[in-house]
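Next comes protein_16.cif, with mmCIF, C-alpha atoms.
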data_final
#
loop_
_atom_site.label_atom_id
_atom_site.label_comp_id
_atom_site.auth_asym_id
_atom_site.auth_seq_id
_atom_site.Cartn_x
_atom_site.Cartn_y
_atom_site.Cartn_z
CA MET Y 197 5.51 167.52 29.91
CA ILE Y 198 8.40 166.41 32.16
CA THR Y 199 10.75 169.34 32.55
CA SER Y 200 13.18 168.00 35.14
CA HIS Y 201 16.48 166.44 34.04
CA GLN Y 202 17.09 162.71 34.41
CA ASN Y 203 19.90 163.48 36.88
CA ASP Y 204 17.32 165.10 39.16
CA PRO Y 205 16.63 162.65 42.04
CA TYR Y 206 12.92 163.33 41.55
CA TRP Y 207 12.82 162.81 37.80
CA ALA Y 208 11.30 159.32 37.85
CA LYS Y 209 8.80 160.26 40.56
CA ALA Y 210 7.75 163.35 38.59
CA ALA Y 211 7.09 161.13 35.57
CA PHE Y 212 5.05 158.73 37.71
CA PHE Y 213 2.86 161.49 39.14
CA ASP Y 214 2.45 163.18 35.76
CA ALA Y 215 0.78 159.95 34.61
CA GLN Y 216 -1.54 159.99 37.64
CA VAL Y 217 -2.95 163.50 37.23
CA GLN Y 218 -6.39 162.25 36.14
CA ALA Y 219 -6.66 159.50 38.78
CA ASP Y 220 -9.59 159.87 41.17
CA TRP Y 221 -7.31 160.20 44.22
CA ALA Y 222 -5.51 163.10 42.54
CA ALA Y 223 -8.24 164.94 40.66
CA GLU Y 224 -11.58 164.48 42.39
CA THR Y 225 -12.91 166.81 45.05
CA TYR Y 226 -13.05 165.37 48.55
CA GLY Y 227 -15.88 162.95 49.22
CA PRO Y 228 -17.77 162.53 52.53
CA ASP Y 229 -15.32 159.98 54.00
CA GLU Y 230 -12.33 162.15 53.14
CA LYS Y 231 -14.00 165.26 54.53
CA GLU Y 232 -14.44 163.48 57.86
CA LYS Y 233 -10.71 162.71 57.88
CA LEU Y 234 -9.94 166.32 56.95
CA GLU Y 235 -11.80 167.39 60.09
CA GLN Y 236 -9.27 165.37 62.11
CA LEU Y 237 -6.44 167.11 60.27
CA PHE Y 238 -7.86 170.55 61.00
CA ALA Y 239 -8.46 169.67 64.62
CA ALA Y 240 -4.68 169.21 64.78
CA THR Y 241 -3.82 172.42 62.90
CA GLY Y 242 -6.11 174.59 65.00
CA PRO Y 243 -7.37 177.88 63.51
CA LEU Y 244 -5.46 178.86 60.39
CA THR Y 245 -6.78 182.36 59.71
CA GLY Y 246 -3.96 184.73 58.83
CA LEU Y 247 -1.20 182.11 58.98
CA ARG Y 248 1.55 181.44 56.45
CA LEU Y 249 1.48 177.78 55.42
CA LEU Y 250 3.75 175.55 53.36
CA GLU Y 251 2.31 172.56 51.53
CA PRO Y 252 4.94 170.37 49.83
CA GLY Y 253 3.56 167.84 47.37
CA CYS Y 254 0.32 169.70 46.72
CA GLY Y 255 -0.66 167.60 43.70
CA THR Y 256 -3.63 169.07 41.86
CA GLY Y 257 -4.39 171.42 44.73
CA ARG Y 258 -7.18 169.50 46.43
CA LEU Y 259 -5.99 170.37 49.93
CA THR Y 260 -4.46 173.68 48.82
CA GLU Y 261 -7.91 174.93 47.93
CA VAL Y 262 -9.20 174.15 51.42
CA LEU Y 263 -6.13 175.69 53.06
CA ALA Y 264 -6.50 178.88 51.02
CA GLU Y 265 -10.07 179.25 52.23
CA LYS Y 266 -9.04 178.63 55.84
CA VAL Y 267 -6.13 181.09 55.98
CA GLY Y 268 -8.28 183.77 54.33
CA PRO Y 269 -7.08 186.93 52.58
CA SER Y 270 -4.74 187.84 55.45
CA GLY Y 271 -2.92 184.48 55.23
CA ARG Y 272 -0.77 182.81 52.61
CA VAL Y 273 -0.35 179.29 51.26
CA VAL Y 274 2.89 178.38 49.50
CA ALA Y 275 2.36 175.10 47.66
CA MET Y 276 4.60 173.05 45.39
CA ASP Y 277 4.86 169.78 43.54
CA ILE Y 278 7.50 167.97 41.50
CA SER Y 279 5.00 166.99 38.76
CA PRO Y 280 4.48 169.56 35.98
CA ARG Y 281 1.06 168.14 35.13
CA MET Y 282 -0.07 168.19 38.74
CA VAL Y 283 1.02 171.82 39.04
CA ALA Y 284 -0.77 172.71 35.80
CA ALA Y 285 -3.97 171.16 37.16
CA ALA Y 286 -3.49 172.98 40.47
CA LEU Y 287 -3.12 176.31 38.65
CA GLN Y 288 -6.54 175.78 37.10
CA ARG Y 289 -8.13 174.72 40.37
CA LEU Y 290 -6.65 177.62 42.34
CA VAL Y 291 -7.05 180.43 39.81
CA ARG Y 292 -9.55 182.29 41.98
CA PHE Y 293 -7.21 182.49 44.99
CA ALA Y 294 -4.93 185.51 45.34
CA ASN Y 295 -3.41 184.13 48.56
CA VAL Y 296 -1.67 181.09 47.01
CA ASP Y 297 1.86 180.88 45.61
CA LEU Y 298 2.29 177.74 43.50
CA HIS Y 299 5.69 176.37 42.47
CA LEU Y 300 7.04 173.51 40.38
CA GLY Y 301 9.90 171.77 42.17
CA SER Y 302 10.99 170.02 45.34
CA VAL Y 303 11.11 171.66 48.75
CA GLU Y 304 14.74 170.57 49.08
CA ALA Y 305 15.74 172.50 45.95
CA MET Y 306 13.68 175.58 46.78
CA ALA Y 307 14.12 175.81 50.55
CA LYS Y 308 16.55 178.74 50.60
CA ARG Y 309 14.07 181.07 48.90
CA LEU Y 310 10.83 180.06 50.58
CA GLY Y 311 11.05 182.04 53.84
CA VAL Y 312 9.58 180.85 57.13
CA PHE Y 313 6.17 179.46 58.02
CA ASP Y 314 3.73 179.19 60.89
CA GLN Y 315 2.79 175.66 59.84
CA ILE Y 316 3.96 173.08 57.33
CA ILE Y 317 1.44 170.48 56.22
CA CYS Y 318 2.83 167.36 54.50
CA HIS Y 319 -0.33 165.65 53.36
CA GLN Y 320 0.16 162.27 51.66
CA VAL Y 321 3.67 163.21 50.56
CA PHE Y 322 6.22 162.34 53.26
CA PRO Y 323 7.12 158.83 51.97
CA HIS Y 324 7.96 160.33 48.57
CA PHE Y 325 10.89 162.42 49.81
CA VAL Y 326 14.10 160.91 48.42
CA ASP Y 327 15.86 161.25 51.80
CA ARG Y 328 13.14 161.47 54.43
CA ALA Y 329 15.39 162.39 57.38
CA ALA Y 330 17.14 165.11 55.37
CA ALA Y 331 13.80 166.44 54.13
CA LEU Y 332 12.47 166.58 57.68
CA GLU Y 333 15.50 168.58 58.77
CA ILE Y 334 14.92 171.05 55.92
CA LEU Y 335 11.24 171.40 56.79
CA VAL Y 336 12.10 172.17 60.41
CA ARG Y 337 14.47 174.93 59.28
CA LEU Y 338 11.51 176.53 57.47
CA LEU Y 339 9.39 176.71 60.63
CA LYS Y 340 9.15 179.70 62.91
CA PRO Y 341 10.04 178.99 66.55
CA GLY Y 342 6.93 177.42 67.99
CA GLY Y 343 5.71 176.55 64.50
CA ARG Y 344 3.88 173.33 63.78
CA LEU Y 345 4.67 170.47 61.41
CA ILE Y 346 1.91 168.07 60.41
CA ILE Y 347 2.38 164.84 58.48
CA SER Y 348 -0.89 163.22 57.49
CA HIS Y 349 -2.37 160.44 55.38
CA PHE Y 350 -5.90 159.19 54.92
CA ILE Y 351 -4.76 155.57 55.38
CA PRO Y 352 -2.55 153.87 58.01
CA VAL Y 353 1.16 153.21 57.59
CA ALA Y 354 0.77 149.50 56.81
CA GLU Y 355 -1.58 150.30 53.94
CA ILE Y 356 0.58 153.20 52.67
CA ASN Y 357 3.62 150.95 52.51
CA ASP Y 358 1.72 148.04 50.98
CA VAL Y 359 0.30 150.21 48.19
CA HIS Y 360 3.71 151.64 47.37
CA ARG Y 361 5.54 148.30 47.47
CA LYS Y 362 2.99 146.79 45.07
CA ALA Y 363 3.18 149.73 42.69
CA GLY Y 364 6.29 148.30 41.03
CA THR Y 365 7.25 151.79 39.86
CA ALA Y 366 9.24 154.82 40.98
CA VAL Y 367 7.32 154.86 44.28
CA GLU Y 368 7.80 151.21 45.30
CA ASN Y 369 10.46 152.14 47.87
CA ASP Y 370 8.59 155.19 49.17
CA LEU Y 371 7.77 153.89 52.63
CA MET Y 372 6.65 155.62 55.82
CA PRO Y 373 9.24 155.05 58.55
CA PRO Y 374 8.08 153.17 61.66
CA SER Y 375 7.03 155.03 64.78
CA ASP Y 376 10.34 154.68 66.62
CA ILE Y 377 12.27 156.17 63.70
CA MET Y 378 9.87 159.09 63.32
CA ARG Y 379 10.04 159.80 67.04
CA SER Y 380 13.85 159.70 67.03
CA TRP Y 381 14.01 162.09 64.06
CA CYS Y 382 11.63 164.46 65.81
CA ARG Y 383 13.86 164.50 68.89
CA ARG Y 384 16.95 165.06 66.75
CA PHE Y 385 15.41 168.06 64.99
CA ARG Y 386 13.89 169.60 68.13
CA LEU Y 387 10.30 168.72 67.38
CA THR Y 388 7.96 167.97 70.27
CA ILE Y 389 5.24 165.57 69.22
CA GLU Y 390 1.75 166.72 70.20
CA GLN Y 391 -0.15 163.92 68.53
CA TYR Y 392 0.83 160.64 66.91
CA LYS Y 393 -1.92 158.49 65.45
CA ASP Y 394 -1.82 155.50 63.14
CA ASP Y 395 -5.10 153.62 62.89
CA ALA Y 396 -7.93 152.75 60.53
CA ASN Y 397 -8.74 156.44 60.08
CA GLY Y 398 -5.24 157.21 58.83
CA TYR Y 399 -1.90 158.57 59.98
CA LEU Y 400 -1.31 161.87 61.74
CA LEU Y 401 1.83 163.30 63.31
CA SER Y 402 1.61 166.80 64.75
CA ALA Y 403 4.72 168.36 66.29
CA ASN Y 404 5.91 171.77 67.48
CA PHE Y 405 9.35 173.17 66.68
CA ASN Y 406 11.33 174.14 69.78
CA GLY Y 407 13.39 176.76 67.97
#
Show me, as structure tokens, the structure contained in the file I just sent.
Amino acid sequence: MITSHQNDPYWAKAAFFDAQVQADWAAETYGPDEKEKLEQLFAATGPLTGLRLLEPGCGTGRLTEVLAEKVGPSGRVVAMDISPRMVAAALQRLVRFANVDLHLGSVEAMAKRLGVFDQIICHQVFPHFVDRAAALEILVRLLKPGGRLIISHFIPVAEINDVHRKAGTAVENDLMPPSDIMRSWCRRFRLTIEQYKDDANGYLLSANFNG
């Protein structure tokens, strides 16, 4: 079901995630431990009712479903993924939501036609960007002045990087940058960090765009 061309920088990653569409981490609804971590994420987002959100790397739509409920009928969630099978699964999961736009592709390729957003939520996707600094710059350009960018994971950086290194596949080099690099990129792209957390409960970076 891979539709991207082999010259696409995301081709191999799309193939990898197509094969993972039935994995528990991708397909199952959130369990109690994950829901507790989601509460930390939504403490950082603040109220989402009526907001326009971007969710790159939405996978099968696990978080998209929650975001759609939180923004309500007056809000909008624009979600995307590079994996055709993940997007197909997300379409089924999200069929009841009229406030979700779902796309197949990378945010880098689609950025010029996405518009602007109140918040961008990169949940468990940031290490998978081919060029993480360039992707961050693109994401910032999609934020309204005063908009918020959130990068989150349910596990800490050391564990994220260990899992990816051991994968021995298209994601083995998909590593979260260290704190000093992330902070320097945020300064470069006019992001003011509100919260930076990396501990046993996971990773969370919340920053406002000083546009």
Residues of segment 232-265 of chain Y within 7 Å of segment 271-295 of chain Y: nearest atom pair and distance (Å, one decimal) for each, counting all atoms listed in the file, sorted by chain and number, as JSON lines?
{"residue": "Y:Thr245", "atom": "CA", "partner": "Y:Gly271", "partner_atom": "CA", "distance": 6.3}
{"residue": "Y:Gly246", "atom": "CA", "partner": "Y:Gly271", "partner_atom": "CA", "distance": 3.8}
{"residue": "Y:Leu247", "atom": "CA", "partner": "Y:Gly271", "partner_atom": "CA", "distance": 4.8}
{"residue": "Y:Arg248", "atom": "CA", "partner": "Y:Arg272", "partner_atom": "CA", "distance": 4.7}
{"residue": "Y:Leu249", "atom": "CA", "partner": "Y:Val273", "partner_atom": "CA", "distance": 4.8}
{"residue": "Y:Leu250", "atom": "CA", "partner": "Y:Val274", "partner_atom": "CA", "distance": 4.9}
{"residue": "Y:Glu251", "atom": "CA", "partner": "Y:Ala275", "partner_atom": "CA", "distance": 4.6}
{"residue": "Y:Pro252", "atom": "CA", "partner": "Y:Met276", "partner_atom": "CA", "distance": 5.2}
{"residue": "Y:Gly253", "atom": "CA", "partner": "Y:Asp277", "partner_atom": "CA", "distance": 4.5}
{"residue": "Y:Cys254", "atom": "CA", "partner": "Y:Asp277", "partner_atom": "CA", "distance": 5.5}
{"residue": "Y:Gly255", "atom": "CA", "partner": "Y:Met282", "partner_atom": "CA", "distance": 5.0}
{"residue": "Y:Thr256", "atom": "CA", "partner": "Y:Ala286", "partner_atom": "CA", "distance": 4.2}
{"residue": "Y:Gly257", "atom": "CA", "partner": "Y:Ala286", "partner_atom": "CA", "distance": 4.6}
{"residue": "Y:Glu261", "atom": "CA", "partner": "Y:Leu290", "partner_atom": "CA", "distance": 6.3}
{"residue": "Y:Ala264", "atom": "CA", "partner": "Y:Val273", "partner_atom": "CA", "distance": 6.2}
**Request:** Just the residues within 6 Å of Phe405 of chain Y, please, counting all atoms listed in the file, with nothing from its chain fewer than 3 positions along; format it as an MDAnalysis selection string.
**Result:** chainID Y and resid 341:343 386:387
**Asked** How many Å lie between atom CA of Ala403 of chain Y and atom CA of Val321 of chain Y, rounded to one decimal?
**Response** 16.6 Å
Centre and edge lengths, as lines of an AutoDock Vina configuration file, for the axis-aligned box enclosing every listed atom of segment 207-222 of chain Y with 6 Å of padding on each of the six sides, in Å to one decimal?
center_x = 1.6
center_y = 161.1
center_z = 39.4
size_x = 34.4
size_y = 16.8
size_z = 21.6
**Message:** Since I can't run it myself right now, could you work out what the PyMOL selection byres ((chain Y and resi 361-374) around 10) selects here and report it as JSON, numbers by chain?
**Reply:** {"Y": [206, 207, 208, 209, 210, 211, 212, 213, 321, 322, 323, 324, 325, 326, 327, 328, 329, 352, 353, 354, 355, 356, 357, 358, 359, 360, 375, 376, 377, 378, 379, 399]}
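With all atoms listed in the file as the atoms that count, the residue of Y:Glu232, Y:Asp394, Y:Asp314, Y:Glu304 with the shortest distance to Ala330 of chain Y is Y:Glu304.
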**Output of the PyMOL selection byres ((chain Y and resi 389) around 8), listed as a VMD selection string** = chain Y and resid 379 382 387 to 388 390 to 392 401 to 404
